Every structure is written in C-alpha cells, then in structure tokens.
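Structure below is data36.cif: mmCIF, C-alpha atoms.
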```
data_model
loop_
_atom_site.label_atom_id
_atom_site.label_comp_id
_atom_site.auth_asym_id
_atom_site.auth_seq_id
_atom_site.Cartn_x
_atom_site.Cartn_y
_atom_site.Cartn_z
CA MET A 1 112.71 156.10 -180.25
CA PRO A 2 113.10 152.84 -178.30
CA ALA A 3 112.27 149.53 -179.91
CA ILE A 4 111.02 146.25 -178.46
CA GLY A 5 111.44 143.83 -181.30
CA ASN A 6 109.06 144.97 -184.05
CA LEU A 7 107.32 147.40 -181.67
CA THR A 8 108.55 151.02 -181.66
CA LEU A 9 107.45 153.37 -178.89
CA ASP A 10 106.87 157.05 -179.61
CA ALA A 11 108.37 158.14 -176.29
CA PRO A 12 111.31 156.83 -174.20
CA PHE A 13 109.34 155.86 -171.09
CA PHE A 14 106.57 153.50 -169.96
CA GLN A 15 104.62 152.38 -166.93
CA ALA A 16 106.14 149.50 -164.99
CA GLY A 17 104.26 146.55 -163.58
CA LEU A 18 103.32 147.45 -160.00
CA ALA A 19 102.00 144.74 -157.68
CA GLY A 20 98.62 145.71 -156.30
CA TYR A 21 98.36 148.84 -158.43
CA SER A 22 98.85 148.55 -162.19
CA ASP A 23 95.58 146.95 -163.19
CA ALA A 24 93.75 147.93 -166.36
CA ALA A 25 92.18 150.96 -164.68
CA MET A 26 95.53 152.49 -163.73
CA ARG A 27 97.01 151.62 -167.11
CA LEU A 28 94.18 153.25 -169.05
CA VAL A 29 94.42 156.44 -167.01
CA ALA A 30 98.17 156.54 -167.66
CA ARG A 31 97.66 156.02 -171.40
CA ARG A 32 95.17 158.89 -171.54
CA HIS A 33 97.92 161.10 -170.11
CA GLY A 34 100.57 160.10 -172.62
CA CYS A 35 102.01 156.79 -171.47
CA PRO A 36 102.93 154.92 -174.67
CA TYR A 37 103.31 151.41 -173.27
CA ALA A 38 102.56 149.52 -170.05
CA VAL A 39 103.49 146.32 -168.26
CA THR A 40 101.01 144.33 -166.19
CA GLU A 41 101.67 143.50 -162.58
CA ALA A 42 103.34 140.10 -162.40
CA MET A 43 101.01 137.17 -163.00
CA LEU A 44 101.78 133.77 -161.50
CA ASP A 45 101.97 131.11 -164.18
CA HIS A 46 99.82 128.53 -162.39
CA PHE A 47 97.00 131.05 -161.84
CA LEU A 48 96.75 131.46 -165.62
CA ILE A 49 97.01 127.74 -166.25
CA ASN A 50 94.31 126.90 -163.71
CA GLY A 51 91.89 129.41 -165.26
CA GLY A 52 89.22 131.11 -163.20
CA LYS A 53 89.95 134.46 -161.58
CA GLY A 54 93.59 134.58 -162.68
CA LEU A 55 92.71 134.04 -166.31
CA ARG A 56 89.79 136.50 -166.19
CA ALA A 57 92.09 139.17 -164.76
CA ALA A 58 94.41 138.71 -167.73
CA GLN A 59 91.75 139.64 -170.30
CA LEU A 60 92.59 142.83 -172.19
CA ASP A 61 90.67 145.98 -173.01
CA ASP A 62 90.97 146.97 -176.68
CA ALA A 63 92.39 150.34 -175.63
CA ASP A 64 95.09 148.74 -173.46
CA HIS A 65 97.77 148.33 -176.13
CA PRO A 66 100.66 148.03 -176.62
CA ILE A 67 101.11 145.99 -173.48
CA ALA A 68 103.47 143.45 -171.96
CA GLY A 69 102.13 140.59 -169.88
CA GLN A 70 104.59 139.99 -167.07
CA LEU A 71 105.02 136.43 -165.77
CA MET A 72 106.54 134.88 -162.68
CA GLY A 73 107.19 131.20 -162.14
CA SER A 74 109.74 128.64 -161.06
CA HIS A 75 109.18 125.76 -163.51
CA PRO A 76 110.03 126.07 -167.22
CA THR A 77 107.13 123.96 -168.49
CA GLU A 78 104.53 125.85 -166.46
CA ILE A 79 105.76 129.35 -167.27
CA ALA A 80 106.00 128.36 -170.94
CA GLN A 81 102.37 127.25 -170.88
CA ALA A 82 101.36 130.55 -169.25
CA ALA A 83 103.33 132.49 -171.86
CA ARG A 84 101.38 130.77 -174.64
CA ILE A 85 98.12 131.70 -172.90
CA LEU A 86 99.13 135.38 -172.83
CA ALA A 87 100.17 135.25 -176.46
CA ASP A 88 96.78 133.79 -177.38
CA LEU A 89 95.04 136.53 -175.37
CA GLY A 90 96.67 139.16 -177.58
CA TYR A 91 99.51 140.52 -175.48
CA ASP A 92 102.00 142.44 -177.59
CA VAL A 93 105.04 141.48 -175.48
CA ILE A 94 105.75 138.71 -172.96
CA ASP A 95 107.92 139.82 -170.01
CA VAL A 96 109.64 137.53 -167.49
CA ASN A 97 110.10 138.84 -163.96
CA LEU A 98 113.47 138.00 -162.42
CA ALA A 99 113.40 141.01 -160.11
CA CYS A 100 110.66 140.83 -157.48
CA PRO A 101 112.28 141.20 -154.02
CA VAL A 102 109.25 140.18 -151.95
CA LYS A 103 110.21 137.48 -149.44
CA LYS A 104 107.26 135.14 -150.08
CA ILE A 105 107.97 135.26 -153.83
CA ARG A 106 111.64 134.48 -153.37
CA LYS A 107 110.89 131.61 -150.97
CA ARG A 108 108.96 129.93 -153.77
CA SER A 109 111.95 130.25 -156.15
CA ARG A 110 110.38 133.00 -158.24
CA GLY A 111 111.21 136.58 -159.13
CA GLY A 112 114.43 137.90 -157.64
CA HIS A 113 115.39 134.47 -156.27
CA LEU A 114 116.28 133.38 -159.79
CA LEU A 115 119.16 135.86 -159.96
CA GLN A 116 121.04 133.57 -157.59
CA ALA A 117 120.13 130.48 -159.62
CA PRO A 118 121.36 131.28 -163.14
CA ASP A 119 120.86 127.78 -164.57
CA GLN A 120 117.22 127.75 -163.43
CA ALA A 121 116.69 131.29 -164.67
CA ILE A 122 118.11 130.47 -168.09
CA ASP A 123 115.96 127.35 -168.39
CA ILE A 124 112.88 129.50 -167.70
CA LEU A 125 113.95 132.17 -170.19
CA LYS A 126 114.61 129.52 -172.83
CA ALA A 127 111.24 127.84 -172.28
CA VAL A 128 109.34 131.12 -172.59
CA ARG A 129 111.13 132.22 -175.75
CA HIS A 130 110.53 128.85 -177.39
CA ALA A 131 106.86 128.84 -176.38
CA VAL A 132 106.04 132.31 -177.72
CA PRO A 133 105.53 132.79 -181.48
CA ASP A 134 108.50 134.49 -183.10
CA PRO A 135 106.68 137.74 -184.04
CA ILE A 136 105.89 138.44 -180.37
CA PRO A 137 108.88 139.98 -178.56
CA CYS A 138 110.00 138.66 -175.21
CA THR A 139 111.60 140.85 -172.55
CA VAL A 140 112.92 140.44 -169.03
CA LYS A 141 112.92 142.49 -165.83
CA LEU A 142 115.98 142.14 -163.58
CA ARG A 143 117.71 143.82 -160.69
CA ARG A 144 121.46 144.38 -160.81
CA GLY A 145 122.04 141.33 -158.66
CA THR A 146 120.97 139.53 -155.53
CA ASP A 147 123.44 141.59 -153.49
CA ASP A 148 126.78 143.35 -153.96
CA SER A 149 128.96 140.23 -153.88
CA PRO A 150 131.22 139.25 -156.79
CA GLN A 151 129.22 136.02 -157.20
CA ALA A 152 125.97 137.97 -157.54
CA THR A 153 127.55 140.14 -160.23
CA LYS A 154 128.80 137.05 -162.06
CA ASN A 155 125.34 135.50 -161.89
CA PHE A 156 123.76 138.67 -163.27
CA PHE A 157 125.99 138.75 -166.33
CA THR A 158 125.61 135.01 -166.94
CA ILE A 159 121.85 135.53 -167.10
CA PHE A 160 122.10 138.79 -169.06
CA ASP A 161 124.28 137.22 -171.73
CA ALA A 162 121.77 134.37 -172.02
CA VAL A 163 118.94 136.88 -172.43
CA ILE A 164 120.67 138.25 -175.51
CA ASP A 165 121.71 134.84 -176.88
CA LEU A 166 118.14 133.55 -176.58
CA GLY A 167 116.81 136.38 -178.72
CA TYR A 168 115.07 138.50 -176.13
CA ALA A 169 114.24 141.96 -177.45
CA ALA A 170 114.90 144.04 -174.32
CA ALA A 171 115.80 143.97 -170.65
CA THR A 172 114.65 146.39 -167.97
CA VAL A 173 117.24 146.63 -165.22
CA HIS A 174 116.53 148.06 -161.79
CA GLY A 175 119.54 149.75 -160.22
CA ARG A 176 118.96 148.21 -156.77
CA THR A 177 119.83 144.70 -155.65
CA VAL A 178 117.20 142.18 -154.59
CA ASP A 179 118.40 142.42 -150.99
CA GLN A 180 117.97 146.20 -151.05
CA LYS A 181 114.30 145.85 -151.92
CA TYR A 182 113.29 149.54 -152.10
CA LEU A 183 115.82 150.95 -149.64
CA GLY A 184 118.79 153.11 -150.53
CA PRO A 185 119.58 154.68 -153.88
CA SER A 186 119.27 153.02 -157.25
CA ARG A 187 122.78 152.67 -158.66
CA TRP A 188 122.62 154.53 -161.94
CA PRO A 189 126.39 154.11 -162.61
CA PHE A 190 125.73 150.36 -162.89
CA LEU A 191 123.20 151.09 -165.63
CA ARG A 192 125.69 153.37 -167.39
CA ASP A 193 128.37 150.66 -167.32
CA LEU A 194 125.85 148.10 -168.55
CA THR A 195 124.77 150.17 -171.54
CA ASN A 196 128.41 150.85 -172.43
CA ARG A 197 129.24 147.16 -172.22
CA TYR A 198 126.40 146.14 -174.54
CA ARG A 199 126.32 149.27 -176.68
CA ASP A 200 126.87 147.45 -179.98
CA THR A 201 124.43 144.58 -179.38
CA PRO A 202 122.07 144.47 -182.41
CA ASP A 203 118.29 144.27 -182.02
CA PHE A 204 118.44 144.56 -178.24
CA SER A 205 117.36 147.41 -175.97
CA ILE A 206 118.29 148.18 -172.37
CA PHE A 207 115.78 150.07 -170.25
CA GLY A 208 116.39 151.53 -166.79
CA SER A 209 114.42 151.55 -163.56
CA GLY A 210 114.79 153.02 -160.10
CA ASP A 211 114.39 156.46 -158.47
CA ILE A 212 112.12 157.99 -161.10
CA TRP A 213 109.88 160.40 -159.20
CA THR A 214 109.37 163.23 -161.70
CA ALA A 215 109.20 163.69 -165.45
CA ALA A 216 112.61 165.33 -165.35
CA ASP A 217 114.08 162.21 -163.73
CA ILE A 218 113.25 160.22 -166.87
CA PHE A 219 115.56 162.33 -169.00
CA LYS A 220 118.20 162.57 -166.30
CA MET A 221 118.42 158.78 -166.27
CA ILE A 222 118.66 158.61 -170.05
CA GLN A 223 121.37 161.28 -170.08
CA HIS A 224 123.38 159.79 -167.21
CA THR A 225 123.09 156.11 -168.08
CA GLY A 226 122.44 155.78 -171.82
CA VAL A 227 119.39 153.54 -171.42
CA GLN A 228 117.02 153.67 -174.36
CA ALA A 229 113.87 154.04 -172.26
CA VAL A 230 112.85 154.39 -168.63
CA SER A 231 110.43 152.26 -166.66
CA VAL A 232 108.39 154.47 -164.31
CA ALA A 233 107.26 152.58 -161.23
CA ARG A 234 106.28 154.00 -157.82
CA GLY A 235 106.67 157.55 -159.09
CA CYS A 236 103.56 157.30 -161.26
CA ILE A 237 101.20 155.89 -158.63
CA GLY A 238 98.62 158.62 -158.17
CA ASN A 239 100.51 160.75 -160.68
CA PRO A 240 99.51 160.05 -164.30
CA TRP A 241 100.38 163.69 -165.07
CA LEU A 242 104.04 162.65 -164.96
CA PHE A 243 103.63 161.16 -168.45
CA ALA A 244 102.06 164.32 -169.85
CA GLN A 245 104.84 166.37 -168.28
CA ALA A 246 107.43 164.07 -169.87
CA ARG A 247 105.88 164.61 -173.29
CA ALA A 248 105.93 168.35 -172.65
CA ILE A 249 109.67 168.12 -171.98
CA MET A 250 110.07 166.29 -175.29
CA ARG A 251 108.40 169.11 -177.21
CA GLY A 252 110.24 171.83 -175.28
CA ASP A 253 107.19 173.19 -173.46
CA HIS A 254 108.75 174.16 -170.13
CA HIS A 255 105.56 175.63 -168.73
CA ALA A 256 103.50 172.47 -169.27
CA ALA A 257 106.39 170.31 -168.09
CA THR A 258 106.50 172.03 -164.71
CA GLN A 259 102.80 172.73 -164.21
CA PRO A 260 101.20 170.67 -161.42
CA PRO A 261 97.66 169.41 -161.98
CA SER A 262 94.91 171.80 -160.99
CA ILE A 263 92.21 170.79 -158.53
CA THR A 264 89.81 170.49 -161.47
CA GLN A 265 92.20 168.17 -163.29
CA GLN A 266 92.71 166.10 -160.16
CA ARG A 267 88.97 165.73 -159.65
CA ALA A 268 88.45 164.58 -163.24
CA VAL A 269 91.14 161.90 -162.94
CA LEU A 270 89.96 160.73 -159.52
CA LEU A 271 86.45 160.25 -160.89
CA GLU A 272 87.69 158.63 -164.10
CA HIS A 273 89.97 156.22 -162.24
CA PHE A 274 87.18 155.17 -159.86
CA GLU A 275 84.75 154.58 -162.72
CA LEU A 276 87.29 152.44 -164.59
CA SER A 277 88.07 150.48 -161.42
CA ALA A 278 84.36 149.91 -160.72
CA ALA A 279 83.81 148.65 -164.26
CA LEU A 280 86.72 146.25 -163.80
CA HIS A 281 86.20 145.04 -160.24
CA GLY A 282 82.66 146.05 -159.27
CA GLN A 283 81.74 149.09 -157.22
CA ARG A 284 82.19 147.47 -153.80
CA SER A 285 85.69 146.14 -154.51
CA ALA A 286 86.67 149.37 -156.25
CA SER A 287 85.60 151.35 -153.17
CA MET A 288 88.10 149.40 -151.08
CA MET A 289 90.87 149.28 -153.68
CA MET A 290 90.76 152.97 -154.54
CA ARG A 291 91.60 154.06 -151.01
CA LYS A 292 95.30 153.44 -151.60
CA PHE A 293 95.15 155.40 -154.84
CA GLY A 294 93.37 158.26 -153.08
CA ILE A 295 96.20 158.45 -150.57
CA LYS A 296 98.72 158.73 -153.40
CA PHE A 297 96.65 161.27 -155.32
CA SER A 298 96.29 163.38 -152.16
CA ARG A 299 99.98 164.36 -152.39
CA HIS A 300 98.99 166.84 -155.11
CA HIS A 301 96.33 168.52 -153.01
CA PRO A 302 97.16 171.68 -151.02
CA ARG A 303 95.74 169.87 -147.95
CA PRO A 304 97.29 166.42 -148.41
CA ASP A 305 96.84 165.13 -144.86
CA ASP A 306 93.14 165.98 -144.71
CA THR A 307 92.37 164.51 -148.11
CA ALA A 308 94.35 161.34 -147.38
CA LYS A 309 92.35 160.76 -144.18
CA ALA A 310 89.12 161.31 -146.08
CA PHE A 311 90.08 158.78 -148.76
CA ILE A 312 91.02 156.19 -146.12
CA ALA A 313 87.44 156.29 -144.84
CA VAL A 314 85.84 155.64 -148.26
CA LYS A 315 83.55 152.60 -148.40
CA SER A 316 81.38 153.33 -151.42
CA LEU A 317 81.02 155.44 -154.55
CA ASP A 318 78.94 157.91 -152.56
CA ASP A 319 81.81 158.27 -150.07
CA TRP A 320 84.26 158.81 -152.93
CA LEU A 321 82.05 161.47 -154.47
CA ALA A 322 81.65 163.13 -151.07
CA VAL A 323 85.43 163.46 -150.77
CA LEU A 324 85.59 165.00 -154.24
CA ASP A 325 82.77 167.42 -153.40
CA GLN A 326 84.48 168.46 -150.17
CA TYR A 327 88.06 168.82 -151.36
CA TYR A 328 88.04 169.04 -155.16
CA THR A 329 85.55 171.75 -156.11
CA ALA A 330 87.63 174.93 -156.40
CA ASP A 331 91.04 175.40 -157.91
CA GLU A 332 93.82 176.17 -155.46
CA PRO A 333 97.57 176.04 -155.99
CA ALA A 334 98.49 172.35 -156.16
CA SER A 335 101.35 170.74 -154.30
CA PRO A 336 104.70 171.12 -156.12
CA CYS A 337 105.56 167.48 -155.33
CA SER A 338 103.96 166.47 -158.63
CA VAL A 339 106.63 168.26 -160.65
#
```

So, in terms of structure tokens, how does the structure I just supplied come out?
Amino acid sequence: MPAIGNLTLDAPFFQAGLAGYSDAAMRLVARRHGCPYAVTEAMLDHFLINGGKGLRAAQLDDADHPIAGQLMGSHPTEIAQAARILADLGYDVIDVNLACPVKKIRKRSRGGHLLQAPDQAIDILKAVRHAVPDPIPCTVKLRRGTDDSPQATKNFFTIFDAVIDLGYAAATVHGRTVDQKYLGPSRWPFLRDLTNRYRDTPDFSIFGSGDIWTAADIFKMIQHTGVQAVSVARGCIGNPWLFAQARAIMRGDHHAATQPPSITQQRAVLLEHFELSAALHGQRSASMMMRKFGIKFSRHHPRPDDTAKAFIAVKSLDDWLAVLDQYYTADEPASPCSV
C-alpha cells in the first residue's frame, strides 16, 4: 500500500484537490464511499495569514482525516507561514501546488507558473519543508512541464530532484502540461518513464493524475505507469461510487465493481451531500453551490438532461427536495457512464 511519510493508505487512490468542488462536504461523502485520503482545494497563503473567511474555511471536521492541506503562493516567507498555520490546525500532510494551469493564478506567479521558474519553486519548497514540523510529511503536485519544450523538461527535473533532496515524501504528477490545461490526453508514458527513473529512491512515492474517469482506470494507470497511487480528480465529481467500485476491484468483486448506483442510492447521496454542504456553508449558499454537483450527479440518472435542468433551477432546500421527489423515487436502470 502507498506511503506518504509515516502515513500508510489502505488503498492506492485518493481524491484530488478540485477548485470549487472539494470542500469538506464532498470529501466526507467520498470518504463514506471508500476514499482513504483527500486533498483540499488549493488555499492561497495570504488568505490563511490574514485570517477571516480563508482561515475559517481551513478548519477541519474530526472525520476528515487523513487529509492534505494544499497551498499556493509565490513568496517563500508567506507560504511558509501558511504551512505552519495548517500544521497547527491538524492537517496530516502539507501539499504544495506547482500545477494549477488557470491563467489568473499563473499571472500572479503561483501554481503552474513556478514550473518555468525552478529557482523560485525550489525556494518555496525549501521554505515549506523547513517550516513544517518533521513528523508531518510534505508533498507536491506538479504537471509534467510548462509545455513540451526541452527547457520545460529540464525545469521539471530540476524541481523534481529538489523535491527529493529536500525530503518531500511524495509527488503527484499530472500527465498534461500546464499549457494543455485540460485538453488532450494525459501522457501516461511520461509517468511510466518517471517511475522507472526514480524507482530506487528511498522513502519517496510517486502518484499519478490525469484521465481517471472510472474505477478501472485507477488500476490501468498503476499497471501501465508503475505509480504507487492514483489521484482521482474530475472523474469523481458527482461520482463518489467510483471509490467503492475501486475497493470492489481490490477484493475481486466484479459485480460490485461494475454496478452503477441505483436511483435509491443516488437519492441518499444527493440528500446527504446537500445536508453536509448546508451545515458547512448555510442553506442559502448550499442551494446555489449544489447546482453544479447536481449537474454532475445527473449523469447517472436514466434521464440525465431532464434532471440536470431541474438541478440548475434549484434555489432552496425545498427545490432540491422537489427534484429528488420528482426524479429519484423509483429505481430504474442507471446510466452506465458511472462504471
């Protein structure tokens, strides 16, 4: 089983940090379906330092462990201060994001921008590792480079070697470049070559990311690339059953591994997720936020277009319950897209 420093997972997969999605509500639903570990969406260092809403959002539920707090920043002293805050809040792992491809993030010299600035990236990695108490593992999220140029590849390996030299416990590598964003295939052969190159590195794990849409994809990536665990990102939005299906694959239960969620199961999760979101954000905010989740969940329904439109119109808990009463009351064959 994969290790992150002194933390050992009981399954070779976990939920990635997903901007705008992977709050505590989504993470808790995933955990209840077999996800062994989760990463927060990226938190900006100065939001934590300044306190207020950013710091409140970083507070942890007792059931939300083990967990990595993911940080983004552009200044070593500030991101180090934020890392200490997360350590004091009880995060099990501190993760540094050097992967985010969003333009406004890159323009502020954060996330994926740092892959083209290896000296700056290494200074940030060094500051975080020195700021975090030794027993707490540090990890990093990267893409395979800024682009496909030889210089981008050189920069990647300069940073990757520093990650290991600085004592980081693991790196999650996305098989797309920063410039690709989410377009085109994730290059799994790059991950295979990377794991071969660093195969004998002690006390260091390489995890893979990119193009994981089903439970079966998790094990295909492990088989094809040799990564020790797989980060599941967009494929688990509105699909926490993916984690249960992955555990079924591990125990050799083919039926459970390929069984889509019933309408009854979907209804239970939709209600559970809303209730968790309302407890976290308040009912009004949850009513707005859960629309995007409803759209994703609707892919499992035999009438996905109708249910998606109904979720888009939700403005309150009563509206949410009305959608469930209209579309999620009798079991019908679910969409096979969940498998």

Contacts of range 232-242 of chain A within 10 Å, only C-alpha atoms, excl. fewer than 4 positions in-chain, as a PyMOL selection string = chain A and resi 13-18+21-22+26-35+38+208-218+246-248+257-261+265-266+269-270+273+292-300+337-339

Notebook entry, point to check: Leaving out Ala42 in chain A and any residue of its chain fewer than 5 positions from it, which residues lie within 9 Å of it when counting only C-alpha atoms, given as a count of residues only?
Noted result: 11

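The residue that comes closest to Tyr328 in chain A, out of A:Ala286, A:Ile105, A:Ala63, A:Ser262 and on the basis of only C-alpha atoms, is A:Ser262.
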
Checklist line | Using all atoms listed in the file: which of A:Val173, A:Ala330, A:Ala131, A:Trp320 has the shortest distance to Ala308 in chain A | finding: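 Going through A:Val173, A:Ala330, A:Ala131, A:Trp320 one by one, the smallest distance to Ala308 in chain A is for A:Trp320.
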
Legend entry - Interatomic distance (Å, one decimal) between CA of Lys141 in chain A and CA of Gln180 in chain A: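 Between CA of Lys141 in chain A and CA of Gln180 in chain A the gap works out to 16.1 Å.
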
_Evaluate the PyMOL selection byres ((chain A and resi 58) around 12) against this structure - the residues, as a PyMOL selection string, please._
chain A and resi 23-24+39-45+47-49+51-57+59-61+64+67-71+82-83+85-91+280

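Considering all atoms listed in the file, the residue among A:Val227, A:Leu7, A:Leu321, A:Leu166 positioned nearest to Glu275 in chain A is A:Leu321.
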
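When only C-alpha atoms are used to measure the gap to Phe274 in chain A, the shortest distance among A:Ala25, A:Pro302, A:Asp325, A:Pro189 belongs to A:Ala25.
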
Applying the PyMOL selection byres ((chain A and resi 314) around 10) to the file I just gave you, which residues come out? Please list them as number ranges by chain. A: 287-291, 294, 309-313, 315-323

I would like the residues chosen by the PyMOL selection byres ((chain A and resi 116-124) around 7) on the shown file; could you give them as a PyMOL selection string? chain A and resi 75-76+113-115+125-128+146+152+155+158-159+162

**Q.** Two-atom distance - CA of Gly175 in chain A, CA of Asp200 in chain A (Å)
**A.**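 CA of Asp200 in chain A lies at a distance of 21.2 Å from CA of Gly175 in chain A.
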
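Distance-wise, CA of Ala169 in chain A and CA of Asn6 in chain A end up 8.9 Å apart.
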
Close residues, Ala11 in chain A itself excluded, 8 Å, only C-alpha atoms, min 2 positions apart in chain, as JSON, numbers by chain: {"A": [1, 2, 9, 13, 36, 229, 247]}
